[in-house]
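Everything below belongs to model.txt, which stores compact mmCIF, N, CA and C atoms.
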```txt
# COMPACT_ATOMS: atom_id res chain seq x y z
N MET N 1 73.47 151.00 189.52
CA MET N 1 74.46 152.00 189.89
C MET N 1 75.86 151.51 189.49
N PRO N 2 76.61 152.32 188.70
CA PRO N 2 77.94 151.88 188.27
C PRO N 2 78.93 151.90 189.44
N ALA N 3 79.92 151.02 189.37
CA ALA N 3 80.96 150.97 190.41
C ALA N 3 81.81 152.23 190.33
N THR N 4 82.28 152.69 191.49
CA THR N 4 83.10 153.90 191.50
C THR N 4 84.46 153.61 190.88
N GLN N 5 84.98 154.59 190.17
CA GLN N 5 86.29 154.44 189.55
C GLN N 5 87.36 154.69 190.61
N SER N 6 88.13 153.64 190.91
CA SER N 6 89.15 153.81 191.95
C SER N 6 90.39 152.97 191.66
N VAL N 7 91.51 153.43 192.20
CA VAL N 7 92.76 152.68 192.11
C VAL N 7 93.42 152.68 193.49
N GLN N 8 94.16 151.61 193.76
CA GLN N 8 94.87 151.51 195.03
C GLN N 8 96.36 151.29 194.72
N VAL N 9 97.20 152.18 195.26
CA VAL N 9 98.63 152.16 194.95
C VAL N 9 99.41 152.34 196.25
N PHE N 10 100.64 151.82 196.30
CA PHE N 10 101.45 152.03 197.50
C PHE N 10 102.75 152.75 197.16
N GLY N 11 103.28 153.45 198.15
CA GLY N 11 104.58 154.09 198.04
C GLY N 11 105.41 153.64 199.23
N LYS N 12 106.70 153.40 199.02
CA LYS N 12 107.55 152.93 200.12
C LYS N 12 108.81 153.77 200.22
N LYS N 13 109.32 153.87 201.45
CA LYS N 13 110.62 154.48 201.71
C LYS N 13 111.14 153.83 202.98
N LYS N 14 112.30 153.18 202.90
CA LYS N 14 112.84 152.42 204.03
C LYS N 14 111.77 151.47 204.57
N LEU N 15 111.35 151.64 205.84
CA LEU N 15 110.35 150.72 206.40
C LEU N 15 108.94 151.32 206.41
N ALA N 16 108.77 152.53 205.88
CA ALA N 16 107.46 153.17 205.85
C ALA N 16 106.71 152.75 204.59
N THR N 17 105.43 152.41 204.76
CA THR N 17 104.58 152.04 203.62
C THR N 17 103.33 152.90 203.64
N ALA N 18 103.04 153.55 202.53
CA ALA N 18 101.83 154.37 202.41
C ALA N 18 100.96 153.77 201.31
N VAL N 19 99.70 153.51 201.63
CA VAL N 19 98.76 152.98 200.64
C VAL N 19 97.78 154.08 200.27
N ALA N 20 97.75 154.44 198.99
CA ALA N 20 96.86 155.51 198.52
C ALA N 20 95.68 154.90 197.78
N PHE N 21 94.49 155.37 198.13
CA PHE N 21 93.26 154.92 197.50
C PHE N 21 92.66 156.13 196.79
N ALA N 22 92.75 156.15 195.46
CA ALA N 22 92.26 157.30 194.68
C ALA N 22 90.95 156.95 194.01
N LYS N 23 89.96 157.83 194.16
CA LYS N 23 88.67 157.63 193.49
C LYS N 23 88.11 158.97 193.03
N GLN N 24 87.06 158.90 192.24
CA GLN N 24 86.41 160.12 191.76
C GLN N 24 85.88 160.91 192.94
N GLY N 25 86.06 162.22 192.91
CA GLY N 25 85.59 163.02 194.04
C GLY N 25 85.71 164.49 193.76
N ARG N 26 86.06 165.25 194.83
CA ARG N 26 86.11 166.70 194.67
C ARG N 26 87.41 167.33 195.14
N GLY N 27 88.52 166.59 195.05
CA GLY N 27 89.82 167.18 195.32
C GLY N 27 90.33 167.07 196.75
N LEU N 28 89.81 166.11 197.52
CA LEU N 28 90.28 165.94 198.89
C LEU N 28 91.51 165.03 198.91
N ILE N 29 92.49 165.40 199.73
CA ILE N 29 93.63 164.50 199.97
C ILE N 29 93.75 164.36 201.48
N LYS N 30 93.56 163.13 201.96
CA LYS N 30 93.63 162.89 203.40
C LYS N 30 94.70 161.86 203.71
N VAL N 31 95.42 162.10 204.82
CA VAL N 31 96.47 161.19 205.29
C VAL N 31 96.08 160.70 206.67
N ASN N 32 95.84 159.40 206.80
CA ASN N 32 95.37 158.80 208.06
C ASN N 32 94.16 159.54 208.62
N GLY N 33 93.24 159.93 207.74
CA GLY N 33 92.01 160.60 208.17
C GLY N 33 92.12 162.09 208.36
N GLN N 34 93.33 162.65 208.33
CA GLN N 34 93.53 164.09 208.50
C GLN N 34 93.81 164.74 207.14
N PRO N 35 93.40 166.01 206.95
CA PRO N 35 93.74 166.70 205.70
C PRO N 35 95.26 166.81 205.56
N ILE N 36 95.74 166.80 204.31
CA ILE N 36 97.18 166.82 204.06
C ILE N 36 97.83 168.11 204.57
N GLU N 37 97.02 169.16 204.76
CA GLU N 37 97.55 170.44 205.26
C GLU N 37 98.03 170.33 206.70
N ASN N 38 97.57 169.29 207.43
CA ASN N 38 97.92 169.16 208.85
C ASN N 38 99.14 168.28 209.10
N ILE N 39 99.86 167.90 208.04
CA ILE N 39 101.01 167.01 208.22
C ILE N 39 102.07 167.69 209.08
N GLU N 40 102.58 166.93 210.05
CA GLU N 40 103.68 167.40 210.89
C GLU N 40 104.92 166.59 210.52
N PRO N 41 106.12 167.08 210.59
CA PRO N 41 106.52 168.44 210.93
C PRO N 41 106.26 169.40 209.76
N GLU N 42 106.12 170.65 210.09
CA GLU N 42 105.77 171.67 209.10
C GLU N 42 106.85 171.81 208.02
N SER N 43 108.11 171.60 208.42
CA SER N 43 109.22 171.76 207.48
C SER N 43 109.16 170.76 206.34
N LEU N 44 108.54 169.58 206.58
CA LEU N 44 108.44 168.56 205.53
C LEU N 44 107.07 168.55 204.83
N ARG N 45 106.20 169.44 205.24
CA ARG N 45 104.84 169.48 204.66
C ARG N 45 104.90 169.71 203.15
N LEU N 46 105.81 170.58 202.73
CA LEU N 46 105.95 170.90 201.31
C LEU N 46 106.33 169.67 200.49
N LYS N 47 107.12 168.76 201.11
CA LYS N 47 107.51 167.52 200.43
C LYS N 47 106.29 166.69 200.06
N ALA N 48 105.32 166.62 200.98
CA ALA N 48 104.11 165.84 200.72
C ALA N 48 103.25 166.51 199.65
N PHE N 49 103.35 167.85 199.54
CA PHE N 49 102.57 168.59 198.55
C PHE N 49 103.17 168.53 197.14
N GLU N 50 104.44 168.09 197.02
CA GLU N 50 105.14 168.18 195.75
C GLU N 50 104.38 167.64 194.54
N PRO N 51 103.78 166.43 194.60
CA PRO N 51 103.05 165.96 193.41
C PRO N 51 101.95 166.92 192.97
N VAL N 52 101.25 167.53 193.94
CA VAL N 52 100.16 168.48 193.63
C VAL N 52 100.76 169.73 192.99
N LEU N 53 101.87 170.21 193.53
CA LEU N 53 102.48 171.44 193.02
C LEU N 53 103.08 171.24 191.62
N ILE N 54 103.63 170.05 191.36
CA ILE N 54 104.26 169.78 190.06
C ILE N 54 103.19 169.65 188.97
N LEU N 55 102.15 168.86 189.25
CA LEU N 55 101.14 168.55 188.22
C LEU N 55 100.06 169.62 188.13
N GLY N 56 99.91 170.43 189.15
CA GLY N 56 98.88 171.47 189.15
C GLY N 56 97.61 170.98 189.82
N GLN N 57 96.92 171.92 190.45
CA GLN N 57 95.71 171.61 191.22
C GLN N 57 94.60 171.02 190.35
N ASP N 58 94.56 171.40 189.06
CA ASP N 58 93.47 170.94 188.18
C ASP N 58 93.45 169.42 187.99
N LYS N 59 94.63 168.77 188.05
CA LYS N 59 94.67 167.31 187.90
C LYS N 59 94.05 166.60 189.10
N PHE N 60 94.02 167.29 190.25
CA PHE N 60 93.52 166.68 191.48
C PHE N 60 92.09 167.12 191.79
N SER N 61 91.52 168.04 190.97
CA SER N 61 90.22 168.63 191.30
C SER N 61 89.07 167.62 191.28
N ASN N 62 89.19 166.54 190.49
CA ASN N 62 88.10 165.55 190.45
C ASN N 62 88.52 164.22 191.09
N LEU N 63 89.56 164.27 191.95
CA LEU N 63 90.07 163.05 192.61
C LEU N 63 90.03 163.20 194.12
N ASP N 64 89.61 162.15 194.80
CA ASP N 64 89.75 162.07 196.26
C ASP N 64 90.83 161.04 196.53
N ILE N 65 91.84 161.41 197.31
CA ILE N 65 92.91 160.47 197.63
C ILE N 65 92.96 160.28 199.14
N ARG N 66 92.83 159.03 199.56
CA ARG N 66 92.96 158.71 200.97
C ARG N 66 94.23 157.88 201.15
N VAL N 67 95.10 158.32 202.04
CA VAL N 67 96.38 157.64 202.24
C VAL N 67 96.45 157.09 203.66
N ARG N 68 96.81 155.80 203.77
CA ARG N 68 97.11 155.19 205.07
C ARG N 68 98.60 154.94 205.11
N VAL N 69 99.26 155.38 206.18
CA VAL N 69 100.71 155.20 206.26
C VAL N 69 101.09 154.63 207.60
N LYS N 70 102.04 153.66 207.58
CA LYS N 70 102.55 153.13 208.84
C LYS N 70 103.96 152.61 208.66
N GLY N 71 104.67 152.47 209.79
CA GLY N 71 106.04 151.99 209.76
C GLY N 71 107.03 153.11 209.52
N GLY N 72 108.30 152.86 209.84
CA GLY N 72 109.35 153.83 209.58
C GLY N 72 109.29 155.04 210.49
N GLY N 73 110.07 156.06 210.15
CA GLY N 73 110.11 157.30 210.92
C GLY N 73 109.31 158.39 210.24
N ILE N 74 109.37 159.59 210.80
CA ILE N 74 108.56 160.71 210.30
C ILE N 74 108.93 161.05 208.86
N THR N 75 110.23 161.22 208.59
CA THR N 75 110.69 161.61 207.26
C THR N 75 110.37 160.53 206.23
N SER N 76 110.62 159.28 206.59
CA SER N 76 110.34 158.17 205.68
C SER N 76 108.86 158.13 205.34
N GLN N 77 108.00 158.35 206.33
CA GLN N 77 106.56 158.32 206.09
C GLN N 77 106.15 159.41 205.10
N ILE N 78 106.75 160.60 205.22
CA ILE N 78 106.39 161.69 204.30
C ILE N 78 106.85 161.38 202.88
N TYR N 79 108.03 160.79 202.74
CA TYR N 79 108.50 160.40 201.40
C TYR N 79 107.62 159.28 200.83
N ALA N 80 107.14 158.37 201.68
CA ALA N 80 106.24 157.31 201.22
C ALA N 80 104.91 157.90 200.79
N ILE N 81 104.42 158.90 201.52
CA ILE N 81 103.15 159.56 201.19
C ILE N 81 103.25 160.23 199.82
N ARG N 82 104.33 160.99 199.59
CA ARG N 82 104.44 161.70 198.31
C ARG N 82 104.55 160.73 197.15
N ALA N 83 105.24 159.59 197.35
CA ALA N 83 105.34 158.58 196.29
C ALA N 83 103.98 157.96 196.01
N ALA N 84 103.22 157.67 197.08
CA ALA N 84 101.89 157.06 196.92
C ALA N 84 100.93 158.00 196.19
N ILE N 85 100.96 159.28 196.52
CA ILE N 85 100.08 160.25 195.87
C ILE N 85 100.42 160.37 194.38
N ALA N 86 101.71 160.49 194.09
CA ALA N 86 102.15 160.62 192.68
C ALA N 86 101.76 159.39 191.87
N LYS N 87 102.02 158.20 192.43
CA LYS N 87 101.71 156.96 191.72
C LYS N 87 100.21 156.79 191.52
N SER N 88 99.41 157.20 192.52
CA SER N 88 97.96 157.02 192.42
C SER N 88 97.36 157.88 191.30
N VAL N 89 97.87 159.10 191.14
CA VAL N 89 97.37 159.98 190.07
C VAL N 89 97.70 159.39 188.70
N VAL N 90 98.94 158.91 188.56
CA VAL N 90 99.36 158.31 187.29
C VAL N 90 98.54 157.05 187.00
N ALA N 91 98.33 156.21 188.02
CA ALA N 91 97.56 154.97 187.84
C ALA N 91 96.11 155.27 187.48
N TYR N 92 95.52 156.30 188.13
CA TYR N 92 94.13 156.67 187.84
C TYR N 92 93.99 157.13 186.39
N HIS N 93 94.93 157.96 185.94
CA HIS N 93 94.88 158.45 184.56
C HIS N 93 95.11 157.31 183.57
N ALA N 94 95.97 156.35 183.93
CA ALA N 94 96.23 155.22 183.04
C ALA N 94 94.98 154.35 182.89
N LYS N 95 94.23 154.19 183.99
CA LYS N 95 93.10 153.28 183.99
C LYS N 95 91.81 153.91 183.46
N TYR N 96 91.56 155.17 183.83
CA TYR N 96 90.26 155.77 183.52
C TYR N 96 90.29 156.96 182.56
N VAL N 97 91.46 157.57 182.34
CA VAL N 97 91.48 158.73 181.43
C VAL N 97 92.06 158.25 180.10
N ASP N 98 93.26 158.65 179.74
CA ASP N 98 93.86 158.14 178.51
C ASP N 98 95.38 158.04 178.64
N GLU N 99 95.96 157.29 177.71
CA GLU N 99 97.39 156.97 177.77
C GLU N 99 98.26 158.22 177.62
N SER N 100 97.85 159.15 176.74
CA SER N 100 98.69 160.33 176.50
C SER N 100 98.78 161.22 177.74
N SER N 101 97.67 161.37 178.47
CA SER N 101 97.71 162.19 179.69
C SER N 101 98.54 161.50 180.77
N LYS N 102 98.47 160.16 180.80
CA LYS N 102 99.28 159.41 181.77
C LYS N 102 100.77 159.63 181.50
N ASN N 103 101.17 159.54 180.22
CA ASN N 103 102.57 159.73 179.86
C ASN N 103 103.03 161.15 180.16
N GLU N 104 102.15 162.11 179.95
CA GLU N 104 102.45 163.52 180.24
C GLU N 104 102.73 163.71 181.73
N LEU N 105 101.86 163.14 182.58
CA LEU N 105 102.03 163.22 184.03
C LEU N 105 103.32 162.53 184.47
N LYS N 106 103.52 161.33 183.92
CA LYS N 106 104.67 160.52 184.30
C LYS N 106 105.98 161.24 183.97
N ASN N 107 106.05 161.84 182.77
CA ASN N 107 107.26 162.55 182.35
C ASN N 107 107.51 163.78 183.22
N ALA N 108 106.43 164.48 183.59
CA ALA N 108 106.57 165.66 184.45
C ALA N 108 107.13 165.26 185.81
N LEU N 109 106.61 164.15 186.37
CA LEU N 109 107.07 163.69 187.69
C LEU N 109 108.51 163.18 187.63
N LEU N 110 108.84 162.41 186.59
CA LEU N 110 110.18 161.86 186.45
C LEU N 110 111.22 162.96 186.23
N ALA N 111 110.82 164.01 185.51
CA ALA N 111 111.74 165.13 185.27
C ALA N 111 112.06 165.85 186.57
N TYR N 112 111.10 165.88 187.49
CA TYR N 112 111.33 166.57 188.78
C TYR N 112 112.13 165.69 189.73
N ASP N 113 111.63 164.48 189.99
CA ASP N 113 112.31 163.59 190.95
C ASP N 113 111.91 162.15 190.65
N ARG N 114 112.88 161.32 190.34
CA ARG N 114 112.60 159.93 189.98
C ARG N 114 111.99 159.15 191.13
N ASN N 115 112.31 159.52 192.38
CA ASN N 115 111.80 158.79 193.54
C ASN N 115 110.30 158.96 193.76
N LEU N 116 109.67 159.87 193.02
CA LEU N 116 108.21 160.01 193.12
C LEU N 116 107.52 158.77 192.55
N LEU N 117 108.12 158.14 191.54
CA LEU N 117 107.48 156.98 190.92
C LEU N 117 108.25 155.67 191.13
N VAL N 118 109.57 155.77 191.35
CA VAL N 118 110.39 154.58 191.52
C VAL N 118 110.90 154.55 192.96
N SER N 119 110.66 153.44 193.66
CA SER N 119 111.05 153.40 195.07
C SER N 119 112.56 153.25 195.22
N ASP N 120 113.06 153.77 196.33
CA ASP N 120 114.48 153.76 196.64
C ASP N 120 114.86 152.38 197.19
N PRO N 121 115.78 151.65 196.56
CA PRO N 121 116.06 150.27 197.00
C PRO N 121 116.94 150.16 198.25
N ARG N 122 117.48 151.29 198.76
CA ARG N 122 118.39 151.21 199.90
C ARG N 122 117.66 150.77 201.17
N ARG N 123 118.24 149.83 201.87
CA ARG N 123 117.68 149.33 203.13
C ARG N 123 118.77 149.34 204.19
N CYS N 124 118.38 149.18 205.44
CA CYS N 124 119.31 149.16 206.56
C CYS N 124 120.09 147.84 206.53
N GLU N 125 121.40 147.93 206.68
CA GLU N 125 122.24 146.73 206.65
C GLU N 125 122.24 146.07 208.03
N PRO N 126 122.10 144.74 208.10
CA PRO N 126 122.04 144.08 209.41
C PRO N 126 123.40 144.08 210.13
N LYS N 127 123.34 144.11 211.45
CA LYS N 127 124.54 144.09 212.29
C LYS N 127 125.21 142.71 212.19
N LYS N 128 126.57 142.71 212.26
CA LYS N 128 127.32 141.45 212.29
C LYS N 128 128.10 141.35 213.59
N TYR N 129 128.56 140.15 213.90
CA TYR N 129 129.34 139.96 215.13
C TYR N 129 130.73 140.58 214.96
N GLY N 130 131.41 140.81 216.08
CA GLY N 130 132.77 141.34 216.03
C GLY N 130 132.83 142.86 215.99
N GLY N 131 131.69 143.51 216.15
CA GLY N 131 131.67 144.97 216.12
C GLY N 131 130.35 145.51 216.63
N PRO N 132 130.30 146.83 216.90
CA PRO N 132 129.08 147.43 217.44
C PRO N 132 128.00 147.69 216.38
N SER N 133 128.38 147.69 215.09
CA SER N 133 127.39 147.96 214.04
C SER N 133 127.67 147.11 212.81
N ALA N 134 127.07 147.44 211.70
CA ALA N 134 127.18 146.62 210.49
C ALA N 134 128.60 146.58 209.92
N ARG N 135 129.28 147.71 209.91
CA ARG N 135 130.61 147.78 209.29
C ARG N 135 131.74 147.97 210.30
N SER N 136 131.53 148.77 211.34
CA SER N 136 132.64 149.06 212.25
C SER N 136 132.96 147.85 213.12
N ARG N 137 134.26 147.70 213.47
CA ARG N 137 134.72 146.57 214.28
C ARG N 137 135.16 147.10 215.64
N TYR N 138 135.21 146.21 216.61
CA TYR N 138 135.75 146.59 217.92
C TYR N 138 137.24 146.85 217.78
N GLN N 139 137.77 147.75 218.62
CA GLN N 139 139.19 148.11 218.56
C GLN N 139 140.05 146.91 218.92
N LYS N 140 141.18 146.80 218.20
CA LYS N 140 142.05 145.66 218.37
C LYS N 140 143.25 146.06 219.24
N SER N 141 143.62 145.22 220.20
CA SER N 141 144.75 145.52 221.08
C SER N 141 145.79 144.43 220.93
N TYR N 142 147.09 144.82 220.85
CA TYR N 142 148.15 143.84 220.65
C TYR N 142 148.86 143.45 221.96
N ARG N 143 148.68 144.23 223.03
CA ARG N 143 149.30 143.83 224.31
C ARG N 143 148.37 144.06 225.49
```
As structure tokens - that is how I would like this structure written.
Amino acid sequence: MPATQSVQVFGKKKLATAVAFAKQGRGLIKVNGQPIENIEPESLRLKAFEPVLILGQDKFSNLDIRVRVKGGGITSQIYAIRAAIAKSVVAYHAKYVDESSKNELKNALLAYDRNLLVSDPRRCEPKKYGGPSARSRYQKSYR
């Protein structure tokens, strides 16, 4: 029996990390064991769907993607999920399909939003002494 064709890719946003496991299948996308249609909040559900909507349903019809996500807040997790899904499709096509289709997918995703494939380097700045936060200082009094 041949080994299943699969790739494992991660997407990050702030402190949220999503690990996507893509393998041959019948078009299922699950996030933490739940279908992607059940993502809460509803207002950000479309963000998680973006890679599917950009590339078209046909690219996902023979792929099963399972995503595990943890850390960060709700919005960060959804951005990490969409990055992981986009990267997993590109990685799967690079490894098991062909180079030209990979480049086609990559260019389509990059033309829409660079953060789908390239992670955002911004992080939270640590607090320093002499003030309540990273940059602001306590008020100064002269008398």
Please give the complete set of residues from chain N that DSSP, run on the backbone, assigns to helix (DSSP H, G or I), formatted as an MDAnalysis selection string. chainID N and resid 36:38 42:55 57:60 74:96 99:112 114:116
Which polymer residues have any atom within 10 Å of an atom of Leu117 in chain N, counting only C-alpha atoms, with same-chain residues fewer than 4 positions away left out, as a ChimeraX atom specification? /N:11,82-88,90,106,109-110,113
Residues from last step as file, N, CA and C atoms, as a PDB file, keeping the file's coordinate frame:
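Wrote part26.pdb, looks like this:
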```
ATOM      1  N   GLY N  11     103.280 153.450 198.150  1.00  0.00           N
ATOM      2  CA  GLY N  11     104.580 154.090 198.040  1.00  0.00           C
ATOM      3  C   GLY N  11     105.410 153.640 199.230  1.00  0.00           C
ATOM      4  N   ARG N  82     104.330 160.990 199.590  1.00  0.00           N
ATOM      5  CA  ARG N  82     104.440 161.700 198.310  1.00  0.00           C
ATOM      6  C   ARG N  82     104.550 160.730 197.150  1.00  0.00           C
ATOM      7  N   ALA N  83     105.240 159.590 197.350  1.00  0.00           N
ATOM      8  CA  ALA N  83     105.340 158.580 196.290  1.00  0.00           C
ATOM      9  C   ALA N  83     103.980 157.960 196.010  1.00  0.00           C
ATOM     10  N   ALA N  84     103.220 157.670 197.080  1.00  0.00           N
ATOM     11  CA  ALA N  84     101.890 157.060 196.920  1.00  0.00           C
ATOM     12  C   ALA N  84     100.930 158.000 196.190  1.00  0.00           C
ATOM     13  N   ILE N  85     100.960 159.280 196.520  1.00  0.00           N
ATOM     14  CA  ILE N  85     100.080 160.250 195.870  1.00  0.00           C
ATOM     15  C   ILE N  85     100.420 160.370 194.380  1.00  0.00           C
ATOM     16  N   ALA N  86     101.710 160.490 194.090  1.00  0.00           N
ATOM     17  CA  ALA N  86     102.150 160.620 192.680  1.00  0.00           C
ATOM     18  C   ALA N  86     101.760 159.390 191.870  1.00  0.00           C
ATOM     19  N   LYS N  87     102.020 158.200 192.430  1.00  0.00           N
ATOM     20  CA  LYS N  87     101.710 156.960 191.720  1.00  0.00           C
ATOM     21  C   LYS N  87     100.210 156.790 191.520  1.00  0.00           C
ATOM     22  N   SER N  88      99.410 157.200 192.520  1.00  0.00           N
ATOM     23  CA  SER N  88      97.960 157.020 192.420  1.00  0.00           C
ATOM     24  C   SER N  88      97.360 157.880 191.300  1.00  0.00           C
ATOM     25  N   VAL N  90      98.940 158.910 188.560  1.00  0.00           N
ATOM     26  CA  VAL N  90      99.360 158.310 187.290  1.00  0.00           C
ATOM     27  C   VAL N  90      98.540 157.050 187.000  1.00  0.00           C
ATOM     28  N   LYS N 106     103.520 161.330 183.920  1.00  0.00           N
ATOM     29  CA  LYS N 106     104.670 160.520 184.300  1.00  0.00           C
ATOM     30  C   LYS N 106     105.980 161.240 183.970  1.00  0.00           C
ATOM     31  N   LEU N 109     106.610 164.150 186.370  1.00  0.00           N
ATOM     32  CA  LEU N 109     107.070 163.690 187.690  1.00  0.00           C
ATOM     33  C   LEU N 109     108.510 163.180 187.630  1.00  0.00           C
ATOM     34  N   LEU N 110     108.840 162.410 186.590  1.00  0.00           N
ATOM     35  CA  LEU N 110     110.180 161.860 186.450  1.00  0.00           C
ATOM     36  C   LEU N 110     111.220 162.960 186.230  1.00  0.00           C
ATOM     37  N   ASP N 113     111.630 164.480 189.990  1.00  0.00           N
ATOM     38  CA  ASP N 113     112.310 163.590 190.950  1.00  0.00           C
ATOM     39  C   ASP N 113     111.910 162.150 190.650  1.00  0.00           C
TER      40      ASP N 113
END
```
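Put simply, CA of Asn107 in chain N is 20.9 Å away from CA of Gln8 in chain N.
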7 Å contact set for Leu63 in chain N, only N, CA and C atoms, chain neighbours under 2 positions out, as a ChimeraX atom specification: /N:22-29,59-61,65
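Between Lys102 in chain N and the residues N:Ala20, N:Leu116, N:Ala134, N:Leu55, the shortest atom-to-atom distance, using only C-alpha atoms, involves N:Leu55.
Going from CA of Ala80 in chain N over to atom C of Phe10 in chain N, you cover 7.0 Å.
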Work out how far apart CA of Ser6 in chain N and CA of Gln34 in chain N are and give it in Å to one decimal. 20.0 Å
Looking only at strand (DSSP E or B) from DSSP on the backbone, list the matching residues of chain N as an MDAnalysis selection string. chainID N and resid 6:13 16:24 29:31 34:35 63:70
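Proximity ranking of N:Val9, N:Ala91, N:Ala16, N:Ile54 relative to Val69 in chain N places N:Ala16 first, based on only N, CA and C atoms.
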Compile the contact shell of Tyr79 in chain N as a CSV table (one decimal) with N, CA and C atoms, keeping the file's coordinate frame: residues with an atom at most 10 Å away, counting only C-alpha atoms, same-chain residues fewer than 5 positions apart removed.
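File written: result-v3.csv
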```
chain,number,residue,atom,x,y,z
N,11,GLY,N,103.3,153.4,198.2
N,11,GLY,CA,104.6,154.1,198.0
N,11,GLY,C,105.4,153.6,199.2
N,12,LYS,N,106.7,153.4,199.0
N,12,LYS,CA,107.6,152.9,200.1
N,12,LYS,C,108.8,153.8,200.2
N,13,LYS,N,109.3,153.9,201.4
N,13,LYS,CA,110.6,154.5,201.7
N,13,LYS,C,111.1,153.8,203.0
N,14,LYS,N,112.3,153.2,202.9
N,14,LYS,CA,112.8,152.4,204.0
N,14,LYS,C,111.8,151.5,204.6
N,16,ALA,N,108.8,152.5,205.9
N,16,ALA,CA,107.5,153.2,205.8
N,16,ALA,C,106.7,152.8,204.6
N,17,THR,N,105.4,152.4,204.8
N,17,THR,CA,104.6,152.0,203.6
N,17,THR,C,103.3,152.9,203.6
N,18,ALA,N,103.0,153.6,202.5
N,18,ALA,CA,101.8,154.4,202.4
N,18,ALA,C,101.0,153.8,201.3
N,44,LEU,N,108.5,169.6,206.6
N,44,LEU,CA,108.4,168.6,205.5
N,44,LEU,C,107.1,168.6,204.8
N,47,LYS,N,107.1,168.8,201.1
N,47,LYS,CA,107.5,167.5,200.4
N,47,LYS,C,106.3,166.7,200.1
N,48,ALA,N,105.3,166.6,201.0
N,48,ALA,CA,104.1,165.8,200.7
N,48,ALA,C,103.2,166.5,199.6
N,74,ILE,N,109.4,159.6,210.8
N,74,ILE,CA,108.6,160.7,210.3
N,74,ILE,C,108.9,161.0,208.9
N,84,ALA,N,103.2,157.7,197.1
N,84,ALA,CA,101.9,157.1,196.9
N,84,ALA,C,100.9,158.0,196.2
N,115,ASN,N,112.3,159.5,192.4
N,115,ASN,CA,111.8,158.8,193.5
N,115,ASN,C,110.3,159.0,193.8
N,116,LEU,N,109.7,159.9,193.0
N,116,LEU,CA,108.2,160.0,193.1
N,116,LEU,C,107.5,158.8,192.6
N,119,SER,N,110.7,153.4,193.7
N,119,SER,CA,111.0,153.4,195.1
N,119,SER,C,112.6,153.2,195.2
```
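Residue nearest Ser43 in chain N, chosen from N:Ile78, N:Val67, N:Val31, N:Ala3 and counting only C-alpha atoms: N:Ile78.
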Nearest to Lys30 in chain N among N:Glu125, N:Glu99, N:Asp64, N:Glu104, with distances taken over only C-alpha atoms: which residue is it? N:Asp64
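Candidate residues N:Phe21, N:Ser136, N:Gly72, N:Arg45 were compared for distance to Val89 in chain N, and the nearest is N:Phe21, using only C-alpha atoms.
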Closest of N:Leu46, N:Gln77, N:Gly71, N:Leu53 to Leu15 in chain N, counting all atoms listed in the file, is N:Gly71
